[in-house]
>>> print(open('query.txt').read())   # compact mmCIF, C-alpha atoms
# COMPACT_ATOMS: atom_id res chain seq x y z
CA MET K 1 7.83 6.43 26.26
CA PRO K 2 6.98 3.73 28.88
CA GLU K 3 7.63 0.09 28.11
CA ILE K 4 4.77 -2.08 26.82
CA LEU K 5 4.71 -5.83 27.35
CA LEU K 6 2.60 -8.05 25.11
CA ARG K 7 2.37 -11.19 27.21
CA ASN K 8 1.40 -14.81 26.69
CA ALA K 9 0.39 -14.74 23.01
CA ASP K 10 -0.75 -18.10 21.68
CA ALA K 11 1.63 -17.57 18.76
CA ILE K 12 4.04 -14.92 17.53
CA LEU K 13 4.72 -15.15 13.79
CA THR K 14 7.96 -13.22 13.65
CA MET K 15 8.71 -13.16 9.90
CA ASP K 16 12.32 -12.88 11.01
CA ASP K 17 15.21 -14.22 8.93
CA ASN K 18 14.39 -17.76 10.07
CA ARG K 19 10.58 -17.30 9.96
CA GLN K 20 10.33 -18.35 13.61
CA GLU K 21 6.93 -19.06 15.15
CA LEU K 22 6.88 -18.87 18.95
CA ALA K 23 4.17 -20.36 21.15
CA GLY K 24 3.15 -18.87 24.51
CA ALA K 25 5.61 -16.02 24.02
CA ASP K 26 6.01 -12.39 25.11
CA LEU K 27 7.15 -9.28 23.26
CA LEU K 28 8.60 -6.19 24.97
CA ILE K 29 8.35 -2.74 23.35
CA CYS K 30 10.66 0.09 24.38
CA ASP K 31 11.10 3.52 22.76
CA GLY K 32 9.29 2.56 19.58
CA GLN K 33 11.35 -0.57 19.01
CA ILE K 34 11.07 -4.24 19.79
CA ALA K 35 13.37 -4.79 22.77
CA ARG K 36 12.97 -8.52 23.43
CA ILE K 37 10.94 -11.55 22.35
CA GLY K 38 10.73 -14.67 24.50
CA GLN K 39 9.08 -16.31 27.48
CA GLY K 40 8.71 -14.91 30.98
CA LEU K 41 9.48 -11.27 30.15
CA THR K 42 8.65 -8.60 32.75
CA THR K 43 8.22 -4.83 32.86
CA ASP K 44 7.17 -2.02 35.16
CA GLY K 45 5.23 -0.52 32.26
CA GLU K 46 1.95 -1.29 30.54
CA VAL K 47 0.98 -4.97 30.13
CA HIS K 48 -1.44 -6.57 27.66
CA ASP K 49 -2.35 -10.22 28.20
CA LEU K 50 -2.73 -11.82 24.76
CA GLY K 51 -4.04 -15.25 25.64
CA GLY K 52 -6.12 -16.44 22.69
CA CYS K 53 -4.33 -14.08 20.29
CA VAL K 54 -1.83 -14.39 17.46
CA VAL K 55 0.77 -11.65 16.94
CA THR K 56 2.19 -10.73 13.53
CA PRO K 57 4.22 -7.85 12.15
CA GLY K 58 2.04 -4.98 11.02
CA LEU K 59 0.93 -5.45 7.43
CA VAL K 60 2.40 -3.23 4.70
CA ASN K 61 0.32 -1.70 1.91
CA THR K 62 2.45 -0.90 -1.13
CA HIS K 63 -0.18 0.71 -3.40
CA HIS K 64 -3.23 2.85 -2.69
CA HIS K 65 -5.15 5.87 -3.93
CA LEU K 66 -6.59 7.07 -0.65
CA TYR K 67 -8.66 9.86 -2.20
CA GLN K 68 -10.85 7.24 -3.86
CA THR K 69 -12.53 6.29 -0.58
CA LEU K 70 -14.97 9.08 -1.46
CA THR K 71 -16.03 7.34 -4.69
CA ARG K 72 -16.76 3.75 -3.76
CA ALA K 73 -19.27 1.79 -5.85
CA VAL K 74 -20.04 4.63 -8.27
CA PRO K 75 -22.81 3.06 -10.39
CA ALA K 76 -21.48 4.01 -13.82
CA GLY K 77 -18.06 2.56 -12.98
CA GLN K 78 -19.11 -0.65 -11.29
CA ASP K 79 -18.83 -2.87 -14.36
CA ALA K 80 -16.34 -0.96 -16.50
CA LEU K 81 -12.87 -1.97 -17.65
CA LEU K 82 -9.91 0.17 -16.55
CA PHE K 83 -9.95 2.90 -19.20
CA GLY K 84 -13.74 3.29 -19.15
CA TRP K 85 -13.72 3.24 -15.36
CA LEU K 86 -11.20 6.10 -15.34
CA GLN K 87 -13.20 8.13 -17.82
CA THR K 88 -16.28 7.74 -15.58
CA LEU K 89 -14.49 8.89 -12.44
CA TYR K 90 -12.18 11.65 -13.66
CA PRO K 91 -14.97 14.30 -13.81
CA ILE K 92 -16.00 13.47 -10.23
CA TRP K 93 -12.45 13.64 -8.92
CA ALA K 94 -12.03 17.02 -10.64
CA ARG K 95 -14.45 18.46 -8.05
CA PHE K 96 -12.26 17.45 -5.08
CA GLY K 97 -10.43 19.96 -2.91
CA PRO K 98 -8.22 19.89 0.19
CA ASP K 99 -11.04 18.83 2.54
CA GLU K 100 -11.92 15.87 0.33
CA MET K 101 -8.28 14.83 0.14
CA PHE K 102 -7.76 15.04 3.91
CA THR K 103 -10.98 13.29 4.89
CA SER K 104 -10.72 10.47 2.34
CA ALA K 105 -7.12 9.80 3.42
CA GLN K 106 -8.13 9.79 7.08
CA ILE K 107 -10.92 7.28 6.47
CA GLY K 108 -8.83 5.12 4.15
CA LEU K 109 -5.95 4.92 6.61
CA ALA K 110 -8.29 4.10 9.49
CA GLU K 111 -9.76 1.27 7.44
CA LEU K 112 -6.28 -0.04 6.72
CA ALA K 113 -5.30 0.19 10.38
CA MET K 114 -8.28 -1.88 11.44
CA SER K 115 -7.19 -4.55 8.96
CA GLY K 116 -3.73 -4.76 10.56
CA CYS K 117 -1.80 -2.31 8.39
CA THR K 118 0.92 -0.22 10.04
CA LEU K 119 2.73 1.16 6.96
CA SER K 120 1.00 2.38 3.82
CA SER K 121 2.10 4.02 0.63
CA ASP K 122 -0.24 6.29 -1.30
CA HIS K 123 -0.24 7.32 -4.95
CA LEU K 124 -1.86 10.75 -5.32
CA TYR K 125 -1.65 11.87 -8.94
CA LEU K 126 -4.30 14.61 -9.23
CA TYR K 127 -4.44 17.96 -7.43
CA PRO K 128 -7.64 19.85 -8.25
CA ASN K 129 -8.83 23.04 -6.57
CA GLY K 130 -5.79 23.69 -4.39
CA SER K 131 -5.27 20.11 -3.19
CA ARG K 132 -1.74 19.18 -2.16
CA LEU K 133 0.12 16.10 -1.00
CA ASP K 134 0.34 17.89 2.34
CA ASP K 135 -3.38 17.15 2.91
CA THR K 136 -2.84 13.38 3.01
CA ILE K 137 0.37 13.66 5.04
CA ALA K 138 -1.53 15.60 7.70
CA ALA K 139 -4.23 12.91 7.76
CA ALA K 140 -1.67 10.12 8.23
CA ALA K 141 -0.01 11.96 11.10
CA GLY K 142 -3.37 12.21 12.85
CA VAL K 143 -4.23 8.55 12.36
CA GLY K 144 -0.76 7.48 13.46
CA LEU K 145 0.22 5.16 10.60
CA ARG K 146 3.68 5.04 9.09
CA PHE K 147 3.29 6.69 5.68
CA HIS K 148 4.99 6.61 2.28
CA PRO K 149 3.09 9.16 0.15
CA THR K 150 4.13 9.63 -3.45
CA ARG K 151 3.82 12.84 -5.42
CA GLY K 152 2.04 11.61 -8.54
CA ALA K 153 1.21 13.58 -11.66
CA MET K 154 -0.63 13.63 -14.97
CA SER K 155 0.56 15.90 -17.76
CA ILE K 156 -1.06 14.65 -20.99
CA GLY K 157 -4.75 15.45 -21.26
CA GLU K 158 -7.40 14.47 -23.78
CA SER K 159 -6.54 17.28 -26.17
CA ASP K 160 -3.02 15.86 -26.49
CA GLY K 161 -4.11 12.24 -26.89
CA GLY K 162 -4.06 11.28 -23.23
CA LEU K 163 -6.79 9.71 -21.12
CA PRO K 164 -7.42 12.29 -18.34
CA PRO K 165 -9.43 15.46 -18.98
CA ASP K 166 -7.38 18.60 -19.52
CA THR K 167 -8.69 20.04 -16.24
CA LEU K 168 -6.77 17.41 -14.25
CA VAL K 169 -3.36 17.65 -15.89
CA GLU K 170 -0.51 19.92 -14.78
CA ALA K 171 2.38 21.62 -16.51
CA GLU K 172 5.49 19.48 -16.20
CA ALA K 173 7.71 22.26 -14.89
CA GLY K 174 5.24 22.86 -12.06
CA ILE K 175 5.07 19.14 -11.32
CA LEU K 176 8.84 18.86 -10.93
CA ASN K 177 8.98 21.98 -8.75
CA ASP K 178 6.31 20.61 -6.43
CA MET K 179 8.09 17.25 -6.30
CA ILE K 180 11.16 19.07 -5.02
CA ARG K 181 9.04 21.00 -2.50
CA VAL K 182 7.34 17.97 -0.92
CA VAL K 183 10.54 15.93 -0.73
CA ASP K 184 12.38 18.79 0.93
CA ALA K 185 9.49 19.46 3.32
CA PHE K 186 8.46 15.94 4.36
CA HIS K 187 10.90 13.18 3.39
CA ASP K 188 12.68 11.62 6.35
CA PRO K 189 15.20 8.95 5.28
CA SER K 190 16.20 7.95 8.81
CA GLU K 191 15.57 4.51 10.28
CA GLY K 192 12.20 4.49 12.02
CA SER K 193 10.94 7.35 9.84
CA MET K 194 7.20 7.95 9.99
CA CYS K 195 7.12 9.63 6.56
CA ARG K 196 9.09 9.02 3.40
CA VAL K 197 8.11 10.63 0.10
CA GLY K 198 8.34 9.07 -3.36
CA LEU K 199 7.90 10.42 -6.90
CA ALA K 200 5.18 8.81 -8.98
CA PRO K 201 4.04 10.00 -12.42
CA CYS K 202 0.68 8.28 -12.80
CA SER K 203 1.26 5.98 -15.77
CA PRO K 204 2.94 5.80 -19.16
CA PHE K 205 -0.35 6.84 -20.81
CA SER K 206 -0.84 10.03 -18.77
CA VAL K 207 2.65 11.63 -18.75
CA SER K 208 5.37 12.27 -21.30
CA ARG K 209 8.65 10.47 -21.79
CA ASP K 210 10.41 13.61 -20.58
CA LEU K 211 8.52 13.67 -17.29
CA MET K 212 9.18 9.97 -16.68
CA ARG K 213 12.88 10.47 -17.35
CA ASN K 214 13.18 13.71 -15.39
CA ALA K 215 11.32 12.26 -12.40
CA ALA K 216 13.78 9.37 -12.33
CA LEU K 217 16.74 11.75 -12.42
CA LEU K 218 15.21 13.90 -9.68
CA ALA K 219 14.42 10.90 -7.48
CA ARG K 220 18.01 9.67 -7.65
CA ASP K 221 19.33 13.14 -6.94
CA LYS K 222 17.08 13.37 -3.86
CA GLY K 223 17.54 9.75 -2.76
CA VAL K 224 13.83 8.86 -2.89
CA MET K 225 11.91 6.02 -4.50
CA LEU K 226 9.96 5.90 -7.78
CA HIS K 227 6.50 4.45 -8.34
CA THR K 228 3.97 4.14 -11.17
CA HIS K 229 1.40 1.80 -12.75
CA LEU K 230 2.74 -0.72 -15.25
CA ALA K 231 1.41 -3.57 -17.40
CA GLU K 232 -1.96 -3.51 -15.64
CA ASN K 233 -4.14 -5.09 -18.34
CA ASP K 234 -4.33 -5.95 -22.05
CA GLU K 235 -5.25 -2.36 -22.96
CA ASP K 236 -2.12 -1.20 -21.19
CA ILE K 237 0.07 -3.55 -23.24
CA LEU K 238 -1.58 -2.54 -26.53
CA TYR K 239 -1.11 1.14 -25.70
CA SER K 240 2.57 0.65 -24.97
CA GLU K 241 3.19 -1.33 -28.13
CA SER K 242 1.30 1.13 -30.35
CA GLN K 243 2.62 4.36 -28.79
CA PHE K 244 6.15 3.37 -27.75
CA GLY K 245 6.90 0.42 -30.00
CA CYS K 246 7.80 -1.85 -27.10
CA ARG K 247 6.40 -3.65 -24.09
CA PRO K 248 5.99 -1.78 -20.77
CA GLY K 249 9.02 -3.38 -19.13
CA GLN K 250 11.32 -2.29 -21.95
CA TYR K 251 9.84 1.21 -21.87
CA ALA K 252 10.47 1.43 -18.12
CA GLU K 253 14.04 0.25 -18.49
CA GLU K 254 14.79 2.75 -21.26
CA LEU K 255 13.63 5.64 -19.07
CA GLY K 256 15.53 4.62 -15.94
CA TRP K 257 12.50 3.10 -14.24
CA THR K 258 14.04 -0.15 -13.03
CA GLY K 259 16.20 -0.74 -9.98
CA PRO K 260 15.98 -1.32 -6.22
CA ASP K 261 14.57 2.19 -5.75
CA VAL K 262 11.59 1.52 -8.06
CA TRP K 263 8.34 -0.35 -7.52
CA HIS K 264 5.54 -0.74 -10.03
CA ALA K 265 1.85 -1.35 -9.32
CA HIS K 266 -0.14 -4.27 -10.76
CA CYS K 267 2.24 -5.84 -13.35
CA VAL K 268 -0.53 -8.29 -14.23
CA LYS K 269 0.72 -8.74 -17.78
CA LEU K 270 4.48 -9.01 -17.29
CA ASP K 271 5.99 -11.65 -19.56
CA GLY K 272 8.97 -13.89 -18.81
CA ALA K 273 11.55 -11.43 -20.12
CA GLU K 274 10.11 -8.63 -18.00
CA ILE K 275 10.09 -10.83 -14.91
CA ASP K 276 13.77 -11.60 -15.53
CA LEU K 277 14.44 -7.86 -15.93
CA PHE K 278 12.74 -7.06 -12.63
CA SER K 279 14.65 -9.84 -10.91
CA ARG K 280 18.06 -8.73 -12.23
CA SER K 281 17.42 -5.06 -11.47
CA ARG K 282 15.78 -5.68 -8.06
CA THR K 283 12.68 -3.76 -9.17
CA GLY K 284 9.69 -4.21 -6.86
CA VAL K 285 6.04 -5.01 -7.58
CA ALA K 286 2.86 -4.00 -5.73
CA HIS K 287 0.39 -6.83 -6.33
CA CYS K 288 -3.26 -5.72 -6.10
CA PRO K 289 -5.34 -8.90 -6.46
CA CYS K 290 -8.80 -7.56 -5.50
CA SER K 291 -8.60 -4.56 -7.80
CA ASN K 292 -7.27 -6.74 -10.61
CA CYS K 293 -10.33 -8.98 -10.18
CA ARG K 294 -12.74 -6.05 -9.84
CA LEU K 295 -11.56 -4.48 -13.12
CA GLY K 296 -11.17 -7.82 -14.91
CA SER K 297 -7.47 -7.21 -15.49
CA GLY K 298 -6.31 -10.77 -14.83
CA ILE K 299 -4.16 -12.73 -12.39
CA ALA K 300 -0.64 -11.40 -11.92
CA PRO K 301 2.16 -13.99 -12.25
CA VAL K 302 3.15 -13.70 -8.59
CA ARG K 303 4.32 -17.31 -8.34
CA ALA K 304 6.69 -16.83 -11.27
CA MET K 305 7.87 -13.48 -9.88
CA ARG K 306 8.73 -14.89 -6.47
CA ASP K 307 10.32 -18.00 -7.92
CA ASN K 308 12.58 -15.72 -9.96
CA GLY K 309 13.50 -13.52 -6.99
CA VAL K 310 11.32 -10.48 -7.74
CA ARG K 311 10.39 -8.48 -4.63
CA VAL K 312 6.59 -8.54 -4.29
CA GLY K 313 4.34 -6.74 -1.80
CA LEU K 314 0.58 -6.28 -1.59
CA GLY K 315 -1.56 -3.26 -2.35
CA VAL K 316 -5.27 -2.68 -1.82
CA ASP K 317 -5.27 -0.14 -4.69
CA GLY K 318 -7.87 2.62 -4.68
CA SER K 319 -11.17 2.19 -2.90
CA ALA K 320 -12.99 2.99 -6.13
CA SER K 321 -11.61 -0.16 -7.77
CA ASN K 322 -11.53 -2.57 -4.84
CA ASP K 323 -13.86 -1.18 -3.25
CA SER K 324 -12.44 -2.05 0.15
CA GLY K 325 -9.22 -1.27 1.99
CA ASN K 326 -8.72 -4.45 3.99
CA LEU K 327 -5.16 -5.69 3.65
CA MET K 328 -5.80 -9.00 5.42
CA ALA K 329 -8.54 -9.77 2.89
CA GLU K 330 -6.10 -8.76 0.14
CA ALA K 331 -3.56 -11.30 1.38
CA ARG K 332 -6.14 -14.07 1.34
CA GLN K 333 -7.18 -13.11 -2.19
CA ALA K 334 -3.56 -13.20 -3.33
CA MET K 335 -3.20 -16.71 -1.95
CA LEU K 336 -6.41 -17.95 -3.55
CA LEU K 337 -5.69 -16.49 -6.98
CA GLN K 338 -2.28 -18.13 -7.20
CA ARG K 339 -3.97 -21.43 -6.34
CA VAL K 340 -6.57 -20.87 -9.06
CA ALA K 341 -3.81 -20.18 -11.58
CA ASN K 342 -1.22 -22.72 -10.48
CA GLY K 343 -2.77 -25.35 -8.20
CA ALA K 344 -3.66 -25.74 -4.53
CA ASP K 345 -0.01 -26.00 -3.49
CA ALA K 346 1.04 -22.82 -5.32
CA MET K 347 0.95 -20.52 -2.29
CA SER K 348 0.58 -21.29 1.41
CA ALA K 349 -1.21 -19.12 3.94
CA ARG K 350 2.12 -18.36 5.57
CA GLU K 351 3.76 -17.29 2.32
CA ALA K 352 0.89 -14.93 1.54
CA LEU K 353 1.17 -13.44 5.03
CA GLU K 354 4.91 -13.02 4.48
CA ILE K 355 4.21 -11.08 1.27
CA ALA K 356 1.80 -8.87 3.23
CA THR K 357 4.38 -8.08 5.93
CA ARG K 358 8.07 -8.58 5.25
CA GLY K 359 7.53 -8.62 1.48
CA GLY K 360 5.88 -5.21 1.40
CA ALA K 361 8.46 -3.71 3.74
CA ASP K 362 11.24 -4.92 1.48
CA VAL K 363 9.53 -3.45 -1.61
CA LEU K 364 9.45 -0.05 0.14
CA ASN K 365 13.07 -0.45 1.26
CA ARG K 366 12.04 -0.58 4.92
CA PRO K 367 14.06 -3.44 6.48
CA ASP K 368 13.29 -1.82 9.84
CA CYS K 369 9.64 -2.88 9.40
CA GLY K 370 7.71 -5.98 8.43
CA ARG K 371 9.37 -8.40 10.86
CA LEU K 372 9.35 -8.91 14.63
CA MET K 373 12.95 -8.90 15.80
CA PRO K 374 14.83 -7.05 18.54
CA GLY K 375 15.90 -3.67 17.18
CA LYS K 376 13.17 -3.48 14.55
CA ARG K 377 10.31 -0.98 14.78
CA ALA K 378 7.42 -1.87 17.07
CA ASP K 379 4.80 -2.12 14.32
CA ILE K 380 2.64 -4.98 15.60
CA ALA K 381 -0.76 -6.49 14.81
CA VAL K 382 -2.65 -8.54 17.40
CA TRP K 383 -5.35 -10.91 16.13
CA ASP K 384 -7.96 -12.40 18.46
CA THR K 385 -8.44 -16.03 17.42
CA ARG K 386 -11.25 -16.79 19.86
CA GLY K 387 -13.98 -15.62 17.49
CA VAL K 388 -16.32 -17.53 15.24
CA GLU K 389 -13.93 -17.24 12.26
CA CYS K 390 -11.39 -19.46 14.01
CA ALA K 391 -13.71 -21.87 15.81
CA GLY K 392 -12.52 -25.39 15.07
CA SER K 393 -9.22 -24.33 13.49
CA TRP K 394 -6.35 -26.74 14.10
CA ASP K 395 -3.73 -24.12 13.24
CA PRO K 396 -4.36 -20.66 14.74
CA ALA K 397 -1.31 -19.35 12.89
CA ALA K 398 -2.96 -20.08 9.52
CA LEU K 399 -4.84 -16.79 9.77
CA LEU K 400 -5.53 -16.50 6.05
CA LEU K 401 -7.36 -19.82 5.99
CA ALA K 402 -9.39 -19.36 9.18
CA GLY K 403 -8.92 -16.10 10.98
CA PRO K 404 -10.16 -12.57 11.62
CA VAL K 405 -9.78 -9.79 9.07
CA HIS K 406 -9.78 -7.03 11.70
CA VAL K 407 -7.25 -6.59 14.48
CA LYS K 408 -7.85 -6.52 18.21
CA HIS K 409 -4.87 -4.21 18.82
CA LEU K 410 -2.46 -2.39 16.53
CA PHE K 411 0.80 -0.69 17.53
CA VAL K 412 2.82 1.65 15.30
CA GLU K 413 6.20 2.78 16.59
CA GLY K 414 5.03 1.41 19.93
CA ARG K 415 1.95 3.68 20.04
CA GLN K 416 -1.48 2.07 20.13
CA VAL K 417 -3.51 3.00 17.05
CA VAL K 418 -6.25 0.35 17.43
CA ARG K 419 -7.48 -0.71 20.87
CA ASP K 420 -10.01 -3.51 21.25
CA GLY K 421 -10.96 -3.22 17.59
CA ASN K 422 -11.53 0.55 17.62
CA ILE K 423 -9.39 3.42 16.36
CA ALA K 424 -7.71 4.98 19.38
CA THR K 425 -6.15 8.09 17.84
CA PHE K 426 -9.11 10.19 16.61
CA ASP K 427 -12.92 10.33 16.51
CA LEU K 428 -13.68 7.87 13.71
CA PRO K 429 -17.51 8.10 13.83
CA ARG K 430 -17.33 11.87 13.36
CA ALA K 431 -14.91 11.44 10.45
CA ILE K 432 -17.26 8.91 8.83
CA GLU K 433 -20.12 11.41 9.09
CA ARG K 434 -17.97 14.05 7.41
CA GLN K 435 -16.95 11.59 4.67
CA ASN K 436 -20.58 10.71 3.96
CA ARG K 437 -21.55 14.38 3.74
CA LEU K 438 -18.77 15.00 1.22
CA ALA K 439 -19.78 11.95 -0.81
CA LEU K 440 -23.40 13.16 -0.94
CA ALA K 441 -22.27 16.59 -2.08
CA LEU K 442 -20.24 15.01 -4.89
CA GLN K 443 -23.28 13.01 -6.00
CA GLY K 444 -25.34 16.17 -6.05
>>> encode(input="query.txt", output="structure tokens")
Amino acid sequence: MPEILLRNADAILTMDDNRQELAGADLLICDGQIARIGQGLTTDGEVHDLGGCVVTPGLVNTHHHLYQTLTRAVPAGQDALLFGWLQTLYPIWARFGPDEMFTSAQIGLAELAMSGCTLSSDHLYLYPNGSRLDDTIAAAAGVGLRFHPTRGAMSIGESDGGLPPDTLVEAEAGILNDMIRVVDAFHDPSEGSMCRVGLAPCSPFSVSRDLMRNAALLARDKGVMLHTHLAENDEDILYSESQFGCRPGQYAEELGWTGPDVWHAHCVKLDGAEIDLFSRSRTGVAHCPCSNCRLGSGIAPVRAMRDNGVRVGLGVDGSASNDSGNLMAEARQAMLLQRVANGADAMSAREALEIATRGGADVLNRPDCGRLMPGKRADIAVWDTRGVECAGSWDPAALLLAGPVHVKHLFVEGRQVVRDGNIATFDLPRAIERQNRLALALQG
């Protein structure tokens, strides 16, 4: 792979161990890695002049349901709380198949890429009509993003007291067998890996204790991470207390669902004891501020989590509960909500950007990503600060206060995924047409 030189950036926000910010600096990419950062670098390879631009690490999305990009703004779910929202959408999702899974993932990942995201997880927990995790993995490979899909599952349907319809649940033996299959087929634990697989039963109210426990045992045997939803809203807490006789954090701990190889989505309603548990156990959190607002779930205690040493990253959540997939907008929302809850000095623009980059990489156990340092992966977002959003800004590095929400260029493993604001790896307009046709068919 030829060298690529990013030259003369107005600022490079490294998110390195010292959080260095370099003015008028260059960055050299070689063989998918960052080779050097400094002034006056040269190369015989490709050169991009970045005057007027700010460079950051690629953003990291720690929670998504990519398939939901086919069900944005469904009228009956627009104003519903979480459980009612799910009950509205489950029958629609039951009509999905492999084409819907592939296309929705392709569109969702392209949307993320244009917002500066280079690494995304995905939580796929339903597999109707022959759908497989393989469908989304193929989509990610085509888009060119680094991917952390998780093999989700639901096993308790309505007839057994669960929330999902019986048509969308699976037998637990089959779930575990397919978990083994996808890990063996796709998980790459090496540094610089483009695909790592996790195990992710959907939630404590859609699977059994046995499946939660067995998934944890399997994940540790295979050396992969664990993911689920936890403590998302008041209904979630009431369900846990009535069904399990304890709060969600205690339930997770009892089943082996805490530790540095676990991250939970939302955690809006964690109390002080649960925050202490997550800190001691090094359990990660995917904070999804826009979805939490959209569903009226509340404001997650991110300030308290970070002050207590809990690893926190950002997630856009599904595009049926956001209904967007813009990670830069998510970072701004995270910053603003902590200020609403705790005061204007509760979270700076730079701290929120750190959560969106280095923070998310650390939650996914990817220290090779999320920071710009020699030897780290060349996952790089370039932001043009000459547009109307930044006009008059005194601090071009304060992107979340006054800055673009779409990238000019995006590099993943040194390969250009976004060029001049457009997806460079596949025909996005054609994919959008296909997505809209599928959405119309679902409405019909």
>>> residues_near_point(input="query.txt", point="(-2.8, 1.2, 0.5)", cutoff="12 Å", atoms="all atoms listed in the file", output="NGL selection string")
:K and (59-69 or 105 or 107-113 or 115-124 or 140 or 145-150 or 265 or 286-288 or 291 or 313-319 or 322-328 or 330 or 356 or 360)
>>> residues_around(input="query.txt", residues="Arg247 of chain K", least_positions_apart="3", cutoff="9 Å", atoms="all atoms listed in the file", output="JSON, numbers by chain")
{"K": [231, 237, 238, 240, 241, 244, 250, 251, 252, 270, 274]}
>>> closest_residue(input="query.txt", among="K:Pro75, K:Pro204, K:Gly309, K:Gly24", to="Thr88 of chain K", atoms="all atoms listed in the file")
K:Pro75
>>> residues_near_point(input="query.txt", point="(-10.8, -14.9, 16.6)", cutoff="6 Å", atoms="only C-alpha atoms", output="ChimeraX atom specification")
/K:384-387,389-390,404
>>> residues_around(input="query.txt", residues="Asn436 of chain K", least_positions_apart="4", cutoff="12 Å", atoms="all atoms listed in the file", output="mmCIF file with C-alpha atoms, keeping the file's coordinate frame")
data_model
loop_
_atom_site.group_PDB
_atom_site.id
_atom_site.type_symbol
_atom_site.label_atom_id
_atom_site.label_comp_id
_atom_site.auth_asym_id
_atom_site.auth_seq_id
_atom_site.Cartn_x
_atom_site.Cartn_y
_atom_site.Cartn_z
ATOM 1 C CA THR K 69 -12.530 6.290 -0.580
ATOM 2 C CA LEU K 70 -14.970 9.080 -1.460
ATOM 3 C CA THR K 71 -16.030 7.340 -4.690
ATOM 4 C CA ARG K 72 -16.760 3.750 -3.760
ATOM 5 C CA GLU K 100 -11.920 15.870 0.330
ATOM 6 C CA THR K 103 -10.980 13.290 4.890
ATOM 7 C CA SER K 104 -10.720 10.470 2.340
ATOM 8 C CA ILE K 107 -10.920 7.280 6.470
ATOM 9 C CA PRO K 429 -17.510 8.100 13.830
ATOM 10 C CA ARG K 430 -17.330 11.870 13.360
ATOM 11 C CA ALA K 431 -14.910 11.440 10.450
ATOM 12 C CA ILE K 432 -17.260 8.910 8.830
ATOM 13 C CA LEU K 440 -23.400 13.160 -0.940
ATOM 14 C CA ALA K 441 -22.270 16.590 -2.080
ATOM 15 C CA LEU K 442 -20.240 15.010 -4.890
ATOM 16 C CA GLN K 443 -23.280 13.010 -6.000
#
>>> atom_distance(input="query.txt", atom1="atom CA of Ile180 of chain K", atom2="atom CA of Leu218 of chain K")
8.1 Å
>>> residues_around(input="query.txt", residues="Glu232 of chain K", least_positions_apart="4", cutoff="9 Å", atoms="all atoms listed in the file", output="short mmCIF file (atom, residue, chain, number, x, y, z; two decimals) with C-alpha atoms, in the frame of the given file")
data_model
loop_
_atom_site.label_atom_id
_atom_site.label_comp_id
_atom_site.auth_asym_id
_atom_site.auth_seq_id
_atom_site.Cartn_x
_atom_site.Cartn_y
_atom_site.Cartn_z
CA LEU K 82 -9.91 0.17 -16.55
CA ASP K 236 -2.12 -1.20 -21.19
CA ILE K 237 0.07 -3.55 -23.24
CA ALA K 265 1.85 -1.35 -9.32
CA HIS K 266 -0.14 -4.27 -10.76
CA CYS K 267 2.24 -5.84 -13.35
CA VAL K 268 -0.53 -8.29 -14.23
CA LYS K 269 0.72 -8.74 -17.78
CA LEU K 270 4.48 -9.01 -17.29
CA ASN K 292 -7.27 -6.74 -10.61
CA SER K 297 -7.47 -7.21 -15.49
CA GLY K 298 -6.31 -10.77 -14.83
CA ALA K 300 -0.64 -11.40 -11.92
#
>>> atom_distance(input="query.txt", atom1="atom CA of Asp10 of chain K", atom2="atom CA of Ala346 of chain K")
27.5 Å
>>> atom_distance(input="query.txt", atom1="atom CA of Leu410 of chain K", atom2="atom CA of Met194 of chain K")
15.6 Å
>>> build_atoms(input="query.txt", residues="segment 375-381 of chain K", atoms="N, CA, C and O atoms", output="CSV table (one decimal), in the coordinates of the input")
chain,number,residue,atom,x,y,z
K,375,GLY,N,15.3,-4.8,17.9
K,375,GLY,CA,15.9,-3.7,17.2
K,375,GLY,C,15.1,-3.2,16.0
K,375,GLY,O,15.3,-2.1,15.5
K,376,LYS,N,14.1,-3.9,15.6
K,376,LYS,CA,13.2,-3.5,14.6
K,376,LYS,C,12.1,-2.6,15.2
K,376,LYS,O,11.8,-2.6,16.4
K,377,ARG,N,11.3,-1.9,14.3
K,377,ARG,CA,10.3,-1.0,14.8
K,377,ARG,C,9.1,-1.8,15.4
K,377,ARG,O,8.8,-2.9,14.9
K,378,ALA,N,8.5,-1.2,16.4
K,378,ALA,CA,7.4,-1.9,17.1
K,378,ALA,C,6.1,-1.6,16.3
K,378,ALA,O,5.2,-0.9,16.8
K,379,ASP,N,6.0,-2.2,15.1
K,379,ASP,CA,4.8,-2.1,14.3
K,379,ASP,C,4.2,-3.5,14.4
K,379,ASP,O,4.7,-4.5,13.8
K,380,ILE,N,3.1,-3.7,15.2
K,380,ILE,CA,2.6,-5.0,15.6
K,380,ILE,C,1.1,-5.1,15.5
K,380,ILE,O,0.4,-4.2,15.9
K,381,ALA,N,0.7,-6.2,14.9
K,381,ALA,CA,-0.8,-6.5,14.8
K,381,ALA,C,-1.1,-7.7,15.7
K,381,ALA,O,-0.4,-8.7,15.7
